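Heads up: the structure comes next, in structure tokens.
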Amino acid sequence: MTNAYVTAASHPVRVHDVAVIGGGIVGAAIARELAGYDLSVAIVEARDDVGDGTSKANTAILHTGFDAKPGTLESALVHRGYHLMSDYAEVTGIPVEHTGALLVAWTDEERDALPGLRDKAVKNGYDRCEIVDADEVYRQVPDLGEGALGGLTVPDESIICTWTASLAVASEAVQRGCELLRGHRVTGISPHDDGTLLHTSAGDVQARWVVNAAGLGCDYIDQMFGHDRFTVTPRRGELFVFDKLARPLVPKIVLPVPSARGKGVLVSPTIYGNVMLGPTAEDMTDRSATGTSEAGFEFLLGKGRQLFPRLLDEEVTASYAGLRAAIDHGDYLIEVDSAQRYLLVGGIRSTGLTSSLAVGEHVRDLLGRSGLALSPRDDLPPAPRMPNLGEAFRRPYADAELIAEDPAYGKIVCFCERVTAGEIRDAYASTIPPTSVEGLRRRTRVMNGRCQGFFCGAEVAALVEGAGRSDEQSTRQQVAQQQVAR
Amino acid sequence: MTGSIVERPAVAVVGGGPAGLTAAANLAGRVDGEVLVLDRETAAGGIPRHSDHTGYGIRDKRSVMRGPDYARRLVREAVDAGALLRTSAMVTGWSADGALEVTSPDGRYTVNADAVVLATGARERPRTARLIPGDRPHGVLTTGQLQNLVHLHHRDVGKKAVVVGAELVSWSAVVTLRETGCSTALMVTHHDSPESYAAFNLAGRFALRTPIATSTRVTRIIGKGVLEGVEIEDLGTRRRRVVECDTVVFTGDWIPDHELARSAGLDMDPATRGPRVDTALRTSKPGVFAVGNLLHPVDTADIAALDGRHVAQQVVAYLDGARPAHTGVSITAAAPFRWVAPHVLRPGDPPPPRGRMLLWTDELIRTPRVSVQQDGQTIVARRMPWPASPGRVFRIPSSMLDDVDRRGGTVTIGVQ
């Protein structure tokens, strides 16, 4: 291990073997993988939390990779990543439901495209797709709107908790000794005798190798290293999340037949027991444009009406927009610049959730071939066991034994999502505690339900201030301290 | 599954707000066995607990008091009557055999009652359910969340607010905001006149000095992290402008908290979105009753409480073995009425609570001529001396249904 502290430019700076820029699921997976070797690794994240950029607002599907472009790096890594992530989810408790997917053809043209899609799936190493007729489509999804002509089944497409996945991978990286630097936005770089000095909004970070997994910002970072390979076009996707009472309408992921424009609008059950409709696909210039729009809403409501007419009778619990880091390149762009000891991980689109662990392995191999000494550690801690946020699996509020042992799991704070005081306390005591209400929401589901805080918002705010302590005393002390501070 | 603990009260009341507590107070001692109230909040009393203004108790207690005082009185009366009250006890669902599954710090247990009264109330639709696009900053609230923050947790909100809605609860939000030092820059309503009582509007305009934009809707929320303003649109001119504010409160637009009712498989009324009930407040499932704003989102707390008084008699009769004789006739609302409650009239059943049918209108009609029709015939039409006004329940005497054939076709209540 090389954890020496040296003085550079009058700041004491820890020299890492590898600095990974970006604490999304891809960056975290790379850091976790490298931290399995005798290396000092840092995650340099601009935001206040891990998994807080494109990783948090995707469609949360664990892809088989059936529709990837055969022969691409993406196809290979999604295929491998599917199995890695499925196993990892099993070990760490990331909730996954193997709902399967159904691609629905609504026109003759789309129906004619189904055999080609099935063949493509085989080329991607997935041979379980089947073409089905309209009767079978309606047998599988009885509430689907009228007019379906046929479909293609993808029995192994699954839904996963994207928040828990990001957090599990990042937590394991930290437990393996990786240094997590949140709130460190990289503003510039300068070459240094033995690597690179990253200038960040919270001080300098020095590393022998730099991995750029900065998602939406990865072209900027790439330019800092003198490259001009690609541009990120943020593609905004707006999504609706419908009330849990809608879930019986949508037993599996319902996909459109893909077109040149992207994968189109899908309807999917969510791991939290809701139904998701979206995303739209809108190219933006502003990389912070995560607002939703009237046009997007209108488009989604139109699609929803067509796909599941009864869906619109239910309430919309949440609407949000995510930005996908689309690049002008048809594949993942993972390239080493040995001279600068710099590696780019760009163009990881929505499949990155599935492929992340395989990307980690791939990056490890590339770095190893480029001279990074990889000596496996034999003292690795066991993988973390994550709290279950999945609606299909037992949650603390329903666990009689757990409540008998610790009454905090019987104290439901968020009624709509049935989140207990015990879970909130645990989140604050975890490896990567939340730094905001949003972070707490992603760790526990608190306030994510239909009332959006009507009942529990104030209680949760008090818990956030008390960092998970639910007793009145600590809350009052916190408020009093705040008032003094003012 | 739940733990092995099973409780067997005579009656389980789900929800300890005005309707549930009043039902319990009127049932305890009158039934053979326990009356158990389950409330998921840390303190019972429901929404009046955090509505720290006067106006409560008029019709049920014949006196006027502040919300928290009213809540405490209802709790005391239920307990004094002998009802067993459990707080922090949330009913999360129904077991396969129809019992209630409960989670509380005391444990996870099952309640297998002879009769169940659902009194789960209603909530305001948040911004997301109203499909308002834009950013997702802090400072976007409902009245419920605002009053919880201010009155129960003693917290401040911002300095300058926009209140969406101009009905009674909206003024309640304005008053709460003012108490915390937050001024209301604008009230916004899509109606062409404010919904609430004229007197209150006068008070509002002059005492609270709150401007109201009528025929206006909110089209966008603006602000990254912190709320900076809302974009509003004049529905007449389609002109839009941004109102700067650091707080926005979405008020009214109530929806019943109907999850338990739906998961029980009860027949639901698509208009109220609550369970369908007859005038005895029976749902479609024998032994399951429903009261309060779960049925009529929303009427005032005293009206909800009087549902509780009404249902007590019906629950007692049910436990004594009485069963309705006939399926009865459906009662539906015609435009401009959005809904009516109760929804079923059966032969031999009592009049509804207070002898009133409750309706909700989407349009202001100053002296509506209300008609009752059955099988294409107008049975009665009568001009009401009071207005049908959006944002509050419109009540008509149930005696207007006296000549309905309770074994006939669907009854429609409309305006001529």
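Labeling convention for the structure tokens: chains A, B, ... as they appear, residues from 1 per chain, ligands from 1 in order of appearance.
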Which residues are near B:Tyr70? Cut-off 12 Å, only C-alpha atoms, ignore same chain within fewer than 2 positions. Put them as a ChimeraX atom specification. /B:17-18,21-22,44-58,60-68,72-77,301-302,305
I'd like to know which residues of stretch 141-262 of chain A are helix (DSSP H, G or I) (by DSSP, run on the backbone); could you write them as a ChimeraX atom specification? /A:162-175,215-224,244-249
Next, write the just-selected residues to a file, as a compact mmCIF listing (two decimals), in the first residue's frame, keeping C-alpha atoms as the atom set.
# COMPACT_ATOMS: atom_id res chain seq x y z
CA THR A 162 -30.80 1.28 -8.67
CA TRP A 163 -30.26 3.28 -5.45
CA THR A 164 -29.32 0.26 -3.40
CA ALA A 165 -27.10 -1.03 -6.20
CA SER A 166 -25.06 2.20 -6.32
CA LEU A 167 -24.87 2.36 -2.57
CA ALA A 168 -23.88 -1.29 -2.13
CA VAL A 169 -21.02 -1.04 -4.60
CA ALA A 170 -19.78 2.26 -3.16
CA SER A 171 -20.13 0.98 0.41
CA GLU A 172 -18.05 -2.08 -0.38
CA ALA A 173 -15.42 0.11 -2.03
CA VAL A 174 -15.21 2.18 1.17
CA GLN A 175 -15.18 -0.91 3.38
CA GLY A 215 -20.76 10.50 -16.50
CA LEU A 216 -22.31 13.71 -17.73
CA GLY A 217 -19.05 15.55 -17.09
CA CYS A 218 -16.66 13.05 -18.62
CA ASP A 219 -16.02 15.00 -21.82
CA TYR A 220 -14.96 18.03 -19.76
CA ILE A 221 -12.53 15.92 -17.77
CA ASP A 222 -11.30 14.33 -21.00
CA GLN A 223 -10.57 17.77 -22.38
CA MET A 224 -8.54 18.63 -19.27
CA LYS A 244 -48.82 1.42 -5.83
CA LEU A 245 -52.48 0.66 -6.42
CA ALA A 246 -51.58 0.61 -10.14
CA ARG A 247 -49.07 -2.17 -9.77
CA PRO A 248 -51.46 -5.09 -10.50
CA LEU A 249 -52.05 -3.60 -13.96
Distance cut-off 9 Å, counting only C-alpha atoms - which residues of chain B neighbour chain A? Return them as a ChimeraX atom specification. /B:1-4,40-41,88-90,92,101-109,123-136,141-150,152-155,219-222,224,259,262-263
Would you write out those residues with C-alpha atoms, as a PDB file, in the first residue's frame?
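The new file out-v4.pdb reads:
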ATOM      1  CA  MET B   1     -46.796 -13.340   8.013  1.00  0.00           C
ATOM      2  CA  THR B   2     -47.563 -11.528  11.187  1.00  0.00           C
ATOM      3  CA  GLY B   3     -46.747 -12.730  14.644  1.00  0.00           C
ATOM      4  CA  SER B   4     -48.920 -15.115  16.546  1.00  0.00           C
ATOM      5  CA  ARG B  40     -50.748   5.468  13.102  1.00  0.00           C
ATOM      6  CA  GLU B  41     -49.741   8.910  14.349  1.00  0.00           C
ATOM      7  CA  SER B  88     -48.154   4.627  16.579  1.00  0.00           C
ATOM      8  CA  ALA B  89     -50.185   1.599  15.523  1.00  0.00           C
ATOM      9  CA  MET B  90     -50.554   1.385  11.762  1.00  0.00           C
ATOM     10  CA  THR B  92     -50.756  -2.095   7.012  1.00  0.00           C
ATOM     11  CA  GLU B 101     -52.454  -6.522  10.255  1.00  0.00           C
ATOM     12  CA  VAL B 102     -50.927  -3.982  12.601  1.00  0.00           C
ATOM     13  CA  THR B 103     -47.391  -2.699  13.059  1.00  0.00           C
ATOM     14  CA  SER B 104     -46.449  -0.781  16.187  1.00  0.00           C
ATOM     15  CA  PRO B 105     -43.423  -0.466  18.474  1.00  0.00           C
ATOM     16  CA  ASP B 106     -45.266  -2.924  20.730  1.00  0.00           C
ATOM     17  CA  GLY B 107     -45.047  -5.512  18.010  1.00  0.00           C
ATOM     18  CA  ARG B 108     -46.603  -6.814  14.853  1.00  0.00           C
ATOM     19  CA  TYR B 109     -50.027  -8.265  15.527  1.00  0.00           C
ATOM     20  CA  ARG B 123     -55.021  14.017   2.245  1.00  0.00           C
ATOM     21  CA  GLU B 124     -54.289  16.903  -0.096  1.00  0.00           C
ATOM     22  CA  ARG B 125     -52.943  16.048  -3.504  1.00  0.00           C
ATOM     23  CA  PRO B 126     -49.288  17.008  -3.562  1.00  0.00           C
ATOM     24  CA  ARG B 127     -47.686  18.821  -6.442  1.00  0.00           C
ATOM     25  CA  THR B 128     -46.709  15.575  -8.183  1.00  0.00           C
ATOM     26  CA  ALA B 129     -50.259  14.218  -8.309  1.00  0.00           C
ATOM     27  CA  ARG B 130     -51.386  17.580  -9.719  1.00  0.00           C
ATOM     28  CA  LEU B 131     -48.894  17.103 -12.540  1.00  0.00           C
ATOM     29  CA  ILE B 132     -47.125  20.425 -12.119  1.00  0.00           C
ATOM     30  CA  PRO B 133     -43.827  20.277 -14.007  1.00  0.00           C
ATOM     31  CA  GLY B 134     -40.570  22.062 -13.299  1.00  0.00           C
ATOM     32  CA  ASP B 135     -37.729  21.694 -10.832  1.00  0.00           C
ATOM     33  CA  ARG B 136     -37.855  19.793  -7.554  1.00  0.00           C
ATOM     34  CA  LEU B 141     -45.548  21.847   0.648  1.00  0.00           C
ATOM     35  CA  THR B 142     -49.143  20.853   1.271  1.00  0.00           C
ATOM     36  CA  THR B 143     -51.153  22.443   4.076  1.00  0.00           C
ATOM     37  CA  GLY B 144     -50.835  19.225   6.056  1.00  0.00           C
ATOM     38  CA  GLN B 145     -47.062  19.262   5.888  1.00  0.00           C
ATOM     39  CA  LEU B 146     -46.917  22.998   6.588  1.00  0.00           C
ATOM     40  CA  GLN B 147     -49.084  22.763   9.703  1.00  0.00           C
ATOM     41  CA  ASN B 148     -47.246  19.703  10.924  1.00  0.00           C
ATOM     42  CA  LEU B 149     -43.953  21.577  10.569  1.00  0.00           C
ATOM     43  CA  VAL B 150     -45.187  24.716  12.256  1.00  0.00           C
ATOM     44  CA  LEU B 152     -46.209  20.123  15.917  1.00  0.00           C
ATOM     45  CA  HIS B 153     -42.501  20.584  15.209  1.00  0.00           C
ATOM     46  CA  HIS B 154     -42.260  24.346  15.778  1.00  0.00           C
ATOM     47  CA  ARG B 155     -40.284  25.013  12.640  1.00  0.00           C
ATOM     48  CA  THR B 219     -47.617  25.957 -14.681  1.00  0.00           C
ATOM     49  CA  ARG B 220     -44.089  25.474 -13.384  1.00  0.00           C
ATOM     50  CA  ILE B 221     -41.986  25.251 -10.229  1.00  0.00           C
ATOM     51  CA  ILE B 222     -38.663  27.075 -10.502  1.00  0.00           C
ATOM     52  CA  LYS B 224     -32.574  24.350  -8.091  1.00  0.00           C
ATOM     53  CA  GLU B 259     -55.536   2.257   0.381  1.00  0.00           C
ATOM     54  CA  ARG B 262     -59.129  -0.754  -1.822  1.00  0.00           C
ATOM     55  CA  SER B 263     -56.933  -3.537  -0.545  1.00  0.00           C
TER      56      SER B 263
END
Just list as number ranges by chain whatever in stretch 131-357 of chain B DSSP marks as strand (DSSP E). B: 140-142, 160-164, 183-188, 212-213, 216-222, 229-234, 240-244, 247-250, 254-256, 288-290, 329-333, 337-341, 344-345, 356-357
Neighbour list for stretch 33-38 of chain A as a PyMOL selection string, cut-off 8 Å, only C-alpha atoms, skip fewer than 4 positions in-chain: chain A and resi 1+29+173+176-178+357+360-361+364+374-377+380
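Considering only C-alpha atoms, the residue among A:Glu97, A:Leu180, A:Met284, A:Val446 positioned nearest to A:Arg47 is A:Leu180.
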I'd like the contact shell of B:Val169 - 9 Å cut-off, only C-alpha atoms, skipping same-chain residues fewer than 4 positions apart - returned as a ChimeraX atom specification. /B:143,165,173-174,196,251-252
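In this model, the gap between atom CA of A:Leu353 and atom CA of A:Ile61 comes to 7.9 Å.
Nearest to A:Asp331 of all the residues A:Ala28, A:Leu62, A:Leu77, A:Ile131 is A:Leu77, based on only C-alpha atoms.
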Any idea what's packed within 6 Å of stretch 225-227 of chain B, counting only C-alpha atoms, ignoring anything in its chain fewer than 6 positions away? Could you give it as a PyMOL selection string? chain B and resi 137-139+246
So which residues touch B:Val116 within 7 Å, counting only C-alpha atoms, skipping near sequence neighbours fewer than 6 positions away, as number ranges by chain? B: 11-13, 287-289
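The coordinates place atom CA of B:Lys159 at 24.7 Å from atom CA of B:Asp234.
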Which neighbours of A:Glu157 fall inside 8 Å, counting only C-alpha atoms, when residues of the same chain fewer than 6 positions from it are skipped, and could you give them as an mmCIF file with C-alpha atoms, in the first residue's frame?
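For reference, around18.cif as written:
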data_model
loop_
_atom_site.group_PDB
_atom_site.id
_atom_site.type_symbol
_atom_site.label_atom_id
_atom_site.label_comp_id
_atom_site.auth_asym_id
_atom_site.auth_seq_id
_atom_site.Cartn_x
_atom_site.Cartn_y
_atom_site.Cartn_z
ATOM 1 C CA ILE A 61 -33.839 -2.384 -15.319
ATOM 2 C CA LEU A 62 -31.321 -5.186 -15.110
ATOM 3 C CA HIS A 63 -30.803 -5.842 -18.808
ATOM 4 C CA THR A 64 -30.041 -9.149 -20.449
ATOM 5 C CA HIS A 98 -37.281 -11.239 -12.300
ATOM 6 C CA THR A 99 -40.462 -9.955 -13.857
ATOM 7 C CA GLY A 100 -39.445 -10.517 -17.466
ATOM 8 C CA ALA A 101 -40.215 -8.135 -20.292
ATOM 9 C CA ILE A 253 -41.833 -4.673 -18.193
#
